[in-house]
>>> print(open('input19.cif').read())   # mmCIF, C-alpha atoms (C1' of nucleotides)
data_structure
loop_
_atom_site.label_atom_id
_atom_site.label_comp_id
_atom_site.auth_asym_id
_atom_site.auth_seq_id
_atom_site.Cartn_x
_atom_site.Cartn_y
_atom_site.Cartn_z
CA MET A 1451 -31.39 -13.48 9.60
CA HIS A 1452 -34.91 -12.82 8.39
CA MET A 1453 -36.42 -14.37 5.27
CA GLY A 1454 -35.87 -12.49 2.01
CA LEU A 1455 -33.12 -10.35 3.43
CA THR A 1456 -29.90 -9.29 1.74
CA LEU A 1457 -27.03 -7.97 3.81
CA LYS A 1458 -23.88 -6.21 2.61
CA ILE A 1459 -21.15 -6.73 5.17
CA ALA A 1460 -17.72 -5.09 4.90
CA THR A 1461 -14.33 -4.89 6.56
CA TYR A 1462 -11.99 -1.92 6.29
CA ASN A 1463 -8.62 -1.26 7.90
CA VAL A 1464 -8.93 2.54 8.04
CA ASN A 1465 -5.44 3.24 9.42
CA GLY A 1466 -6.56 6.00 11.79
CA VAL A 1467 -10.31 6.51 12.14
CA ASN A 1468 -10.04 10.25 12.84
CA GLY A 1469 -7.35 11.13 10.32
CA ARG A 1470 -9.35 9.05 7.83
CA LEU A 1471 -12.85 10.20 8.77
CA PRO A 1472 -13.59 12.04 5.48
CA VAL A 1473 -12.55 8.98 3.47
CA LEU A 1474 -14.55 6.64 5.72
CA LEU A 1475 -17.70 8.77 5.39
CA ARG A 1476 -17.22 9.07 1.65
CA TRP A 1477 -16.88 5.29 1.34
CA LEU A 1478 -19.94 4.59 3.54
CA GLU A 1479 -22.03 6.84 1.32
CA TYR A 1480 -20.60 5.27 -1.83
CA ALA A 1481 -20.76 1.60 -0.82
CA GLU A 1482 -23.78 1.65 1.52
CA PRO A 1483 -22.73 -1.37 3.58
CA ASP A 1484 -25.19 -2.60 6.20
CA ILE A 1485 -22.60 -3.84 8.69
CA VAL A 1486 -18.93 -2.81 8.85
CA CYS A 1487 -15.90 -3.96 10.82
CA LEU A 1488 -13.13 -1.37 11.17
CA GLN A 1489 -9.53 -1.97 12.20
CA GLU A 1490 -6.61 0.22 13.19
CA LEU A 1491 -8.72 2.94 14.74
CA LYS A 1492 -5.56 4.41 16.31
CA ALA A 1493 -7.80 6.30 18.69
CA PRO A 1494 -8.40 6.16 22.45
CA GLN A 1495 -11.84 4.98 23.58
CA ASP A 1496 -13.15 8.54 24.08
CA LYS A 1497 -11.92 9.82 20.71
CA PHE A 1498 -14.00 7.56 18.46
CA PRO A 1499 -16.14 9.62 16.00
CA GLU A 1500 -19.44 8.17 17.23
CA ALA A 1501 -21.52 11.26 16.45
CA ALA A 1502 -20.26 11.69 12.89
CA LEU A 1503 -21.07 8.03 12.16
CA LEU A 1504 -24.53 8.38 13.70
CA ASP A 1505 -25.12 11.36 11.40
CA ALA A 1506 -24.18 9.07 8.52
CA GLY A 1507 -26.76 6.53 9.70
CA TYR A 1508 -24.54 4.07 11.57
CA ARG A 1509 -24.51 3.10 15.20
CA SER A 1510 -21.22 1.73 16.51
CA ILE A 1511 -19.50 -0.26 19.17
CA TRP A 1512 -15.74 0.04 19.45
CA HIS A 1513 -12.70 -0.96 21.47
CA GLY A 1514 -10.20 1.87 21.27
CA GLN A 1515 -6.60 2.19 22.38
CA LYS A 1516 -4.17 5.07 22.45
CA SER A 1517 -1.83 5.19 19.41
CA TRP A 1518 -2.37 1.71 18.01
CA ASN A 1519 -4.83 -1.06 17.20
CA GLY A 1520 -8.51 -0.51 17.84
CA VAL A 1521 -11.53 -2.29 16.31
CA ALA A 1522 -15.17 -1.34 15.77
CA ILE A 1523 -18.46 -2.70 14.45
CA LEU A 1524 -20.91 -0.38 12.66
CA SER A 1525 -24.52 -1.12 11.71
CA ARG A 1526 -27.27 0.66 9.86
CA VAL A 1527 -29.61 -2.33 10.16
CA GLY A 1528 -30.45 -2.47 13.82
CA GLU A 1529 -28.96 -2.84 17.23
CA ILE A 1530 -25.49 -4.18 17.89
CA HIS A 1531 -25.55 -6.72 20.70
CA GLU A 1532 -21.96 -7.04 21.86
CA THR A 1533 -21.01 -10.60 22.76
CA ARG A 1534 -17.28 -10.20 23.40
CA ARG A 1535 -14.33 -7.82 23.30
CA GLY A 1536 -10.86 -9.31 23.39
CA LEU A 1537 -9.98 -12.93 22.71
CA PRO A 1538 -10.07 -15.36 25.62
CA GLY A 1539 -6.94 -17.15 26.75
CA ASP A 1540 -4.51 -14.42 27.84
CA PRO A 1541 -5.43 -12.06 30.68
CA ASP A 1542 -2.22 -10.08 30.04
CA ASP A 1543 -3.23 -9.19 26.48
CA THR A 1544 -4.35 -5.54 26.65
CA GLN A 1545 -4.28 -4.85 22.91
CA SER A 1546 -7.65 -3.99 21.36
CA ARG A 1547 -7.80 -6.40 18.47
CA TYR A 1548 -11.05 -8.35 18.69
CA ILE A 1549 -14.70 -7.41 18.97
CA GLU A 1550 -17.79 -9.52 18.42
CA ALA A 1551 -21.51 -8.83 18.24
CA ALA A 1552 -24.87 -10.16 17.11
CA VAL A 1553 -26.49 -7.89 14.53
CA ASN A 1554 -29.70 -8.60 12.65
CA GLY A 1555 -29.51 -12.34 13.25
CA VAL A 1556 -25.87 -12.80 12.22
CA LEU A 1557 -22.80 -13.01 14.44
CA ILE A 1558 -20.02 -10.61 13.46
CA ALA A 1559 -16.43 -11.06 14.65
CA GLY A 1560 -14.05 -8.23 13.80
CA LEU A 1561 -10.32 -8.70 14.25
CA TYR A 1562 -6.96 -7.10 13.74
CA LEU A 1563 -4.31 -9.79 13.90
CA PRO A 1564 -0.83 -8.74 15.07
CA ASN A 1565 1.64 -7.88 12.29
CA GLY A 1566 4.38 -9.99 13.88
CA ASN A 1567 7.46 -8.39 12.37
CA PRO A 1568 10.33 -8.70 12.87
CA ARG A 1569 10.58 -12.46 12.60
CA PRO A 1570 11.92 -14.12 14.60
CA GLY A 1571 11.28 -12.22 17.82
CA PRO A 1572 8.79 -11.55 20.61
CA LYS A 1573 6.35 -9.82 18.27
CA PHE A 1574 6.28 -12.85 16.03
CA ASP A 1575 5.75 -15.12 19.05
CA PHE A 1576 2.86 -12.91 20.12
CA LYS A 1577 1.33 -13.22 16.65
CA LEU A 1578 1.47 -17.02 16.75
CA ALA A 1579 0.03 -17.10 20.26
CA TRP A 1580 -2.77 -14.74 19.24
CA PHE A 1581 -3.49 -16.89 16.21
CA ALA A 1582 -3.68 -19.99 18.42
CA ARG A 1583 -6.19 -18.25 20.68
CA LEU A 1584 -8.22 -17.22 17.62
CA GLU A 1585 -8.20 -20.81 16.40
CA GLN A 1586 -9.53 -22.01 19.74
CA HIS A 1587 -12.23 -19.38 19.89
CA LEU A 1588 -13.42 -19.75 16.29
CA ALA A 1589 -13.81 -23.49 16.87
CA THR A 1590 -16.56 -22.58 19.32
CA LEU A 1591 -18.35 -20.36 16.76
CA ILE A 1592 -18.34 -22.37 13.54
CA SER A 1593 -21.29 -24.62 14.37
CA LEU A 1594 -23.58 -21.95 15.80
CA ASP A 1595 -27.13 -22.08 14.52
CA ALA A 1596 -26.71 -18.69 12.80
CA PRO A 1597 -24.57 -17.20 10.06
CA VAL A 1598 -21.16 -16.26 11.48
CA ILE A 1599 -18.87 -13.80 9.69
CA CYS A 1600 -15.31 -13.42 10.97
CA MET A 1601 -13.54 -10.61 9.18
CA GLY A 1602 -10.71 -8.17 9.38
CA ASP A 1603 -7.01 -7.61 8.82
CA PHE A 1604 -5.45 -11.05 9.36
CA ASN A 1605 -1.93 -9.90 8.36
CA VAL A 1606 -1.55 -13.17 6.42
CA MET A 1607 -1.21 -13.83 2.71
CA PRO A 1608 -2.64 -17.36 2.53
CA THR A 1609 -1.01 -18.44 -0.77
CA GLU A 1610 1.50 -17.29 -3.39
CA LEU A 1611 -1.39 -15.99 -5.48
CA ASP A 1612 -1.97 -13.44 -2.73
CA VAL A 1613 1.48 -11.80 -2.97
CA TYR A 1614 2.83 -9.69 -5.83
CA ALA A 1615 6.38 -10.98 -5.31
CA PRO A 1616 6.30 -14.11 -3.12
CA GLU A 1617 10.07 -14.64 -3.15
CA ARG A 1618 10.58 -11.28 -1.42
CA TRP A 1619 8.19 -12.17 1.38
CA ARG A 1620 9.46 -15.63 2.33
CA ASP A 1621 10.88 -14.59 5.70
CA ASP A 1622 8.28 -11.97 6.52
CA ALA A 1623 5.88 -12.48 9.42
CA LEU A 1624 2.93 -12.04 7.01
CA PHE A 1625 3.95 -14.92 4.76
CA SER A 1626 5.89 -17.27 7.00
CA PRO A 1627 5.00 -21.00 6.94
CA GLU A 1628 3.84 -21.00 10.58
CA VAL A 1629 1.37 -18.18 9.95
CA ARG A 1630 0.08 -19.55 6.66
CA GLN A 1631 -0.40 -22.94 8.32
CA ALA A 1632 -2.37 -21.30 11.12
CA TYR A 1633 -4.64 -19.68 8.53
CA ALA A 1634 -5.01 -22.99 6.69
CA ARG A 1635 -6.09 -24.64 9.96
CA LEU A 1636 -8.97 -22.16 10.17
CA LEU A 1637 -10.10 -23.27 6.73
CA ASP A 1638 -9.72 -26.87 7.91
CA GLN A 1639 -12.16 -26.08 10.72
CA GLY A 1640 -14.69 -25.40 7.96
CA TRP A 1641 -14.43 -21.63 7.49
CA CYS A 1642 -14.84 -20.40 3.93
CA ASP A 1643 -12.54 -17.68 2.59
CA ALA A 1644 -15.30 -15.68 0.86
CA LEU A 1645 -13.12 -13.61 -1.47
CA ARG A 1646 -11.18 -16.63 -2.69
CA GLU A 1647 -14.37 -18.68 -2.97
CA ARG A 1648 -15.83 -16.13 -5.41
CA HIS A 1649 -12.51 -15.48 -7.26
CA PRO A 1650 -10.72 -18.85 -7.30
CA ASP A 1651 -7.95 -18.06 -9.79
CA GLU A 1652 -7.86 -14.28 -9.80
CA VAL A 1653 -5.19 -12.01 -8.39
CA VAL A 1654 -7.09 -10.08 -5.72
CA TYR A 1655 -5.31 -7.65 -3.40
CA THR A 1656 -6.63 -5.70 -0.43
CA PHE A 1657 -3.48 -3.79 0.64
CA TRP A 1658 -0.80 -1.79 -1.13
CA LYS A 1659 2.06 -0.09 0.71
CA TYR A 1660 2.29 3.68 0.50
CA LEU A 1661 5.89 3.27 -0.65
CA ARG A 1662 7.20 3.42 -4.19
CA HIS A 1663 3.83 3.78 -5.92
CA ALA A 1664 2.82 0.28 -4.93
CA PHE A 1665 -0.83 0.85 -5.84
CA GLU A 1666 -0.04 2.25 -9.29
CA ARG A 1667 2.16 -0.80 -9.92
CA ASN A 1668 -0.45 -3.11 -8.35
CA ALA A 1669 2.28 -4.40 -6.04
CA GLY A 1670 -0.24 -5.55 -3.45
CA LEU A 1671 -1.11 -8.21 -0.93
CA ARG A 1672 -4.30 -9.98 0.06
CA ILE A 1673 -4.34 -9.79 3.85
CA ASP A 1674 -7.89 -8.66 4.68
CA HIS A 1675 -10.17 -11.68 4.81
CA VAL A 1676 -13.80 -12.62 5.32
CA LEU A 1677 -14.39 -16.07 6.80
CA LEU A 1678 -17.84 -17.64 6.78
CA ASN A 1679 -19.25 -20.56 8.74
CA PRO A 1680 -21.24 -23.11 6.67
CA LEU A 1681 -24.59 -21.40 7.30
CA ALA A 1682 -23.20 -18.08 6.04
CA THR A 1683 -21.41 -19.77 3.13
CA ALA A 1684 -24.74 -21.11 1.88
CA MET A 1685 -25.97 -17.50 1.70
CA LEU A 1686 -22.91 -16.04 -0.06
CA ARG A 1687 -23.90 -14.16 -3.25
CA ASP A 1688 -20.91 -11.90 -3.87
CA ALA A 1689 -17.51 -10.86 -2.51
CA GLN A 1690 -15.51 -7.89 -3.77
CA VAL A 1691 -12.77 -5.41 -2.99
CA ASP A 1692 -13.51 -1.70 -3.38
CA THR A 1693 -10.15 -1.25 -5.07
CA GLY A 1694 -10.91 2.26 -6.33
CA VAL A 1695 -11.04 3.56 -2.76
CA ARG A 1696 -7.30 2.88 -2.48
CA GLY A 1697 -6.78 5.55 -5.16
CA TRP A 1698 -8.69 8.27 -3.29
CA GLU A 1699 -7.03 11.31 -1.69
CA LYS A 1700 -5.76 10.77 1.86
CA THR A 1701 -6.73 7.08 1.64
CA SER A 1702 -5.81 4.15 3.86
CA ASP A 1703 -3.19 1.66 2.66
CA HIS A 1704 -5.97 -0.96 2.72
CA ALA A 1705 -9.07 -1.13 0.53
CA PRO A 1706 -12.48 -2.15 1.89
CA VAL A 1707 -13.62 -5.74 1.31
CA TRP A 1708 -17.29 -6.68 1.28
CA ILE A 1709 -19.60 -9.61 0.85
CA GLU A 1710 -23.29 -9.93 0.12
CA LEU A 1711 -25.37 -12.54 1.92
CA SER A 1712 -28.91 -13.46 1.00
CA ASP A 1713 -31.35 -16.09 2.18
CA ALA A 1714 -33.56 -15.59 -0.87
"C1'" DA B 1220 17.54 -0.88 1.87
"C1'" DT B 1221 13.93 1.61 0.00
"C1'" DG B 1222 10.34 5.40 1.50
"C1'" DT B 1223 5.03 6.98 3.25
"C1'" DC B 1224 1.63 7.36 6.27
"C1'" DG B 1225 -1.14 8.51 11.24
"C1'" DG B 1226 -0.45 9.16 15.98
"C1'" DT B 1227 2.23 10.92 19.81
"C1'" DG B 1228 5.39 13.82 22.32
"C1'" DT B 1229 7.64 18.03 22.60
"C1'" DC B 1230 6.45 21.83 20.55
"C1'" DG B 1231 7.33 22.40 14.33
"C1'" DC B 1232 10.31 18.17 13.80
"C1'" DA B 1233 11.69 13.74 16.15
"C1'" DC B 1234 10.19 8.88 16.82
"C1'" DC B 1235 7.31 4.41 16.42
"C1'" DG B 1236 4.72 0.90 14.05
"C1'" DA B 1237 3.15 -0.63 9.85
#
>>> encode(input="input19.cif", output="structure tokens")
Amino acid sequence: MHMGLTLKIATYNVNGVNGRLPVLLRWLEYAEPDIVCLQELKAPQDKFPEAALLDAGYRSIWHGQKSWNGVAILSRVGEIHETRRGLPGDPDDTQSRYIEAAVNGVLIAGLYLPNGNPRPGPKFDFKLAWFARLEQHLATLISLDAPVICMGDFNVMPTELDVYAPERWRDDALFSPEVRQAYARLLDQGWCDALRERHPDEVVYTFWKYLRHAFERNAGLRIDHVLLNPLATAMLRDAQVDTGVRGWEKTSDHAPVWIELSDA
DNA sequence: ATGTCGGTGTCGCACCGA
């Protein structure tokens, strides 16, 4: 990162990048993020709206997949130097859930962690295995001599404060002890949960189901997270959720989350 | 259990995953 620079970096689970394109473009214009990670593209590799995003001022790299998953990194502040797509450790994992790139002197890791329901079951086992691979990989990134930002839909509520009705989520794959412990181990590695760092005691949600007017009732969850290595943590100036976006027409069930980093 | 989306397949309504 260059001296005197401020970067606004965001993550947004769009829940279908093509069905959601008008909302995505509207949010980019409204929020003016410099770097963005997207999840749940739900688009094959050749159906990503590269041209529309270029028109909006963003270049992109993406890892698409038919029907499900899919992650992307957008930048309006220079080239995106891809360093990795897919987590190491399982050659049989074909799901597009991880993408990583160097942009403007910072390393960006964008991820979409498996949902894992129903628990118990093979999907839950896959979630734990994926989490273990993430843990291993992030251990290799935390001490890099550059700010590292690992962000996305983790499908984990880290604490009771992050769930509108904790008792109803006890057995769910998003709130199970194994998964919360895995998230806590990332923090133990030294990663800083940026949103919680800036809002220690506040109820902050990033996701509300479409069902039963969850947003209107603020029956939400905090499952989209921004993790910072120590160098990035020292530059953290702000972290917020664009909650209003969740109230827009034809919106995603997630709201965008962003941070501001500055070396000034 | 509830009930709401996008994407996909087979064709105008079913299913799946979330």
>>> residues_near_point(input="input19.cif", point="(-14.3, -16.9, 5.3)", cutoff="6 Å", atoms="only C-alpha atoms (C1' of nucleotides)", output="PyMOL selection string")
chain A and resi 1641-1644+1676-1678
>>> resolve_selection(input="input19.cif", expression="the PyMOL selection byres ((chain B and resi 1227) around 12)", output="VMD selection string")
(chain A and resid 1492 to 1494 1516 to 1518) or (chain B and resid 1225 to 1226 1228 to 1230 1233 to 1236)
>>> write_last_selection(input="input19.cif", atoms="C-alpha atoms (C1' of nucleotides)", output="mmCIF file, in the coordinates of the input")
data_model
loop_
_atom_site.group_PDB
_atom_site.id
_atom_site.type_symbol
_atom_site.label_atom_id
_atom_site.label_comp_id
_atom_site.auth_asym_id
_atom_site.auth_seq_id
_atom_site.Cartn_x
_atom_site.Cartn_y
_atom_site.Cartn_z
ATOM 1 C CA LYS A 1492 -5.560 4.410 16.310
ATOM 2 C CA ALA A 1493 -7.800 6.300 18.690
ATOM 3 C CA PRO A 1494 -8.400 6.160 22.450
ATOM 4 C CA LYS A 1516 -4.170 5.070 22.450
ATOM 5 C CA SER A 1517 -1.830 5.190 19.410
ATOM 6 C CA TRP A 1518 -2.370 1.710 18.010
ATOM 7 C "C1'" DG B 1225 -1.140 8.510 11.240
ATOM 8 C "C1'" DG B 1226 -0.450 9.160 15.980
ATOM 9 C "C1'" DG B 1228 5.390 13.820 22.320
ATOM 10 C "C1'" DT B 1229 7.640 18.030 22.600
ATOM 11 C "C1'" DC B 1230 6.450 21.830 20.550
ATOM 12 C "C1'" DA B 1233 11.690 13.740 16.150
ATOM 13 C "C1'" DC B 1234 10.190 8.880 16.820
ATOM 14 C "C1'" DC B 1235 7.310 4.410 16.420
ATOM 15 C "C1'" DG B 1236 4.720 0.900 14.050
#
>>> closest_residue(input="input19.cif", among="A:Thr1656, A:Thr1590, A:Ser1525, A:Gln1515", to="chain B", atoms="all atoms listed in the file")
A:Gln1515
>>> closest_atom_pairs(input="input19.cif", of="chain A", to="chain B", cutoff="12 Å", atoms="all atoms listed in the file", output="CSV")
residue,atom,partner,partner_atom,distance
A:Asn1463,CA,B:DA1237,C1',11.9
A:Val1464,CA,B:DG1225,C1',10.3
A:Asn1465,CA,B:DG1225,C1',7.0
A:Gly1466,CA,B:DG1225,C1',6.0
A:Val1467,CA,B:DG1225,C1',9.4
A:Asn1468,CA,B:DG1225,C1',9.2
A:Gly1469,CA,B:DG1225,C1',6.8
A:Arg1470,CA,B:DG1225,C1',8.9
A:Glu1490,CA,B:DG1225,C1',10.1
A:Leu1491,CA,B:DG1225,C1',10.0
A:Lys1492,CA,B:DG1226,C1',7.0
A:Ala1493,CA,B:DG1226,C1',8.3
A:Pro1494,CA,B:DG1226,C1',10.7
A:Gln1515,CA,B:DG1226,C1',11.3
A:Lys1516,CA,B:DG1226,C1',8.5
A:Ser1517,CA,B:DG1226,C1',5.4
A:Trp1518,CA,B:DG1226,C1',8.0
A:Asn1519,CA,B:DG1236,C1',10.2
A:Pro1564,CA,B:DA1237,C1',10.4
A:Asn1565,CA,B:DA1237,C1',7.8
A:Gly1566,CA,B:DA1237,C1',10.3
A:Asn1567,CA,B:DA1237,C1',9.2
A:Pro1568,CA,B:DG1236,C1',11.2
A:Lys1573,CA,B:DG1236,C1',11.6
A:Asn1605,CA,B:DA1237,C1',10.7
A:Leu1624,CA,B:DA1237,C1',11.8
A:Phe1657,CA,B:DA1237,C1',11.8
A:Trp1658,CA,B:DT1223,C1',11.4
A:Lys1659,CA,B:DT1223,C1',8.1
A:Tyr1660,CA,B:DT1223,C1',5.1
A:Leu1661,CA,B:DG1222,C1',5.4
A:Arg1662,CA,B:DG1222,C1',6.8
A:His1663,CA,B:DT1223,C1',9.8
A:Ala1664,CA,B:DT1223,C1',10.8
A:Lys1700,CA,B:DC1224,C1',9.3
A:Thr1701,CA,B:DC1224,C1',9.6
A:Ser1702,CA,B:DC1224,C1',8.5
A:Asp1703,CA,B:DC1224,C1',8.3
A:His1704,CA,B:DA1237,C1',11.6
>>> resolve_selection(input="input19.cif", expression="the PyMOL selection byres ((chain A and resi 1488) around 6)", output="PDB file with C-alpha atoms, keeping the file's coordinate frame")
ATOM      1  CA  THR A1461     -14.330  -4.890   6.560  1.00  0.00           C
ATOM      2  CA  TYR A1462     -11.990  -1.920   6.290  1.00  0.00           C
ATOM      3  CA  ASN A1463      -8.620  -1.260   7.900  1.00  0.00           C
ATOM      4  CA  CYS A1487     -15.900  -3.960  10.820  1.00  0.00           C
ATOM      5  CA  GLN A1489      -9.530  -1.970  12.200  1.00  0.00           C
ATOM      6  CA  VAL A1521     -11.530  -2.290  16.310  1.00  0.00           C
ATOM      7  CA  ALA A1522     -15.170  -1.340  15.770  1.00  0.00           C
TER       8      ALA A1522
END
>>> closest_residue(input="input19.cif", among="A:Pro1541, A:Glu1500, A:Gly1694, A:Phe1604", to="Tyr1480 in chain A", atoms="all atoms listed in the file")
A:Gly1694
>>> atom_distance(input="input19.cif", atom1="CA of Ala1632 in chain A", atom2="CA of Asp1688 in chain A")
25.6 Å
>>> residues_around(input="input19.cif", residues="His1587 in chain A", least_positions_apart="6", cutoff="12 Å", atoms="all atoms listed in the file", output="NGL selection string")
:A and (1534 or 1536-1539 or 1548 or 1550 or 1559 or 1580-1581 or 1593 or 1600 or 1636 or 1639)
>>> write_last_selection(input="input19.cif", atoms="C-alpha atoms", output="PDB file, keeping the file's coordinate frame")
ATOM      1  CA  ARG A1534     -17.280 -10.200  23.400  1.00  0.00           C
ATOM      2  CA  GLY A1536     -10.860  -9.310  23.390  1.00  0.00           C
ATOM      3  CA  LEU A1537      -9.980 -12.930  22.710  1.00  0.00           C
ATOM      4  CA  PRO A1538     -10.070 -15.360  25.620  1.00  0.00           C
ATOM      5  CA  GLY A1539      -6.940 -17.150  26.750  1.00  0.00           C
ATOM      6  CA  TYR A1548     -11.050  -8.350  18.690  1.00  0.00           C
ATOM      7  CA  GLU A1550     -17.790  -9.520  18.420  1.00  0.00           C
ATOM      8  CA  ALA A1559     -16.430 -11.060  14.650  1.00  0.00           C
ATOM      9  CA  TRP A1580      -2.770 -14.740  19.240  1.00  0.00           C
ATOM     10  CA  PHE A1581      -3.490 -16.890  16.210  1.00  0.00           C
ATOM     11  CA  SER A1593     -21.290 -24.620  14.370  1.00  0.00           C
ATOM     12  CA  CYS A1600     -15.310 -13.420  10.970  1.00  0.00           C
ATOM     13  CA  LEU A1636      -8.970 -22.160  10.170  1.00  0.00           C
ATOM     14  CA  GLN A1639     -12.160 -26.080  10.720  1.00  0.00           C
TER      15      GLN A1639
END
>>> closest_residue(input="input19.cif", among="A:Ala1551, A:Ala1481, A:Leu1475, A:Ile1592", to="Ile1511 in chain A", atoms="all atoms listed in the file")
A:Ala1551
>>> resolve_selection(input="input19.cif", expression="the PyMOL selection byres ((chain A and resi 1629) around 10)", output="list of chain:residue names")
A:Gly1566, A:Phe1574, A:Lys1577, A:Leu1578, A:Phe1581, A:Phe1604, A:Asn1605, A:Val1606, A:Met1607, A:Pro1608, A:Asp1622, A:Ala1623, A:Leu1624, A:Phe1625, A:Ser1626, A:Pro1627, A:Glu1628, A:Arg1630, A:Gln1631, A:Ala1632, A:Tyr1633, A:Ala1634, A:Arg1635
>>> atom_distance(input="input19.cif", atom1="CA of Asp1543 in chain A", atom2="CA of Ala1579 in chain A")
10.6 Å
>>> atom_distance(input="input19.cif", atom1="CA of Arg1583 in chain A", atom2="CA of Arg1509 in chain A")
28.7 Å
>>> residues_around(input="input19.cif", residues="Pro1483 in chain A", least_positions_apart="3", cutoff="10 Å", atoms="only C-alpha atoms (C1' of nucleotides)", output="list in words")
Leu1457, Lys1458, Ile1459, Ala1460, Thr1461, Trp1477, Leu1478, Glu1479, Tyr1480, Val1486, Tyr1508, Leu1524, Ser1525, Arg1526, Val1527, Trp1708, Ile1709 and Glu1710 of chain A
>>> decode(input="input19.cif", residues="range 1476-1522 of chain A", atoms="C-alpha atoms", output="mmCIF file, in the first residue's frame")
data_model
loop_
_atom_site.group_PDB
_atom_site.id
_atom_site.type_symbol
_atom_site.label_atom_id
_atom_site.label_comp_id
_atom_site.auth_asym_id
_atom_site.auth_seq_id
_atom_site.Cartn_x
_atom_site.Cartn_y
_atom_site.Cartn_z
ATOM 1 C CA ARG A 1476 -26.656 0.591 -7.821
ATOM 2 C CA TRP A 1477 -24.667 -0.312 -4.698
ATOM 3 C CA LEU A 1478 -21.282 0.195 -6.420
ATOM 4 C CA GLU A 1479 -22.350 3.686 -7.461
ATOM 5 C CA TYR A 1480 -23.719 4.432 -3.995
ATOM 6 C CA ALA A 1481 -20.880 3.016 -1.887
ATOM 7 C CA GLU A 1482 -17.923 3.580 -4.235
ATOM 8 C CA PRO A 1483 -15.781 0.752 -2.848
ATOM 9 C CA ASP A 1484 -12.251 0.440 -4.230
ATOM 10 C CA ILE A 1485 -12.003 -3.343 -3.942
ATOM 11 C CA VAL A 1486 -14.915 -5.795 -3.656
ATOM 12 C CA CYS A 1487 -15.245 -9.515 -2.997
ATOM 13 C CA LEU A 1488 -18.460 -11.102 -4.276
ATOM 14 C CA GLN A 1489 -19.922 -14.465 -3.301
ATOM 15 C CA GLU A 1490 -22.695 -16.679 -4.608
ATOM 16 C CA LEU A 1491 -22.337 -15.606 -8.211
ATOM 17 C CA LYS A 1492 -24.545 -18.540 -9.241
ATOM 18 C CA ALA A 1493 -23.204 -18.134 -12.751
ATOM 19 C CA PRO A 1494 -21.032 -20.274 -15.023
ATOM 20 C CA GLN A 1495 -17.584 -18.888 -15.879
ATOM 21 C CA ASP A 1496 -18.735 -17.484 -19.242
ATOM 22 C CA LYS A 1497 -21.848 -15.783 -17.853
ATOM 23 C CA PHE A 1498 -20.140 -13.334 -15.501
ATOM 24 C CA PRO A 1499 -21.162 -9.699 -16.273
ATOM 25 C CA GLU A 1500 -17.603 -8.538 -16.935
ATOM 26 C CA ALA A 1501 -18.544 -5.835 -19.450
ATOM 27 C CA ALA A 1502 -21.231 -4.223 -17.294
ATOM 28 C CA LEU A 1503 -18.780 -4.013 -14.384
ATOM 29 C CA LEU A 1504 -16.083 -2.536 -16.631
ATOM 30 C CA ASP A 1505 -18.599 0.116 -17.699
ATOM 31 C CA ALA A 1506 -19.086 0.860 -14.007
ATOM 32 C CA GLY A 1507 -15.327 1.298 -13.597
ATOM 33 C CA TYR A 1508 -14.373 -2.094 -12.160
ATOM 34 C CA ARG A 1509 -12.140 -4.781 -13.542
ATOM 35 C CA SER A 1510 -12.792 -8.294 -12.250
ATOM 36 C CA ILE A 1511 -11.446 -11.752 -11.773
ATOM 37 C CA TRP A 1512 -13.904 -14.513 -10.984
ATOM 38 C CA HIS A 1513 -14.307 -18.233 -10.464
ATOM 39 C CA GLY A 1514 -17.750 -19.206 -11.689
ATOM 40 C CA GLN A 1515 -19.747 -22.406 -11.450
ATOM 41 C CA LYS A 1516 -23.058 -23.501 -12.883
ATOM 42 C CA SER A 1517 -26.003 -23.074 -10.470
ATOM 43 C CA TRP A 1518 -24.142 -22.554 -7.209
ATOM 44 C CA ASN A 1519 -21.219 -20.915 -5.435
ATOM 45 C CA GLY A 1520 -18.916 -18.632 -7.375
ATOM 46 C CA VAL A 1521 -16.579 -15.897 -6.090
ATOM 47 C CA ALA A 1522 -15.085 -12.756 -7.620
#
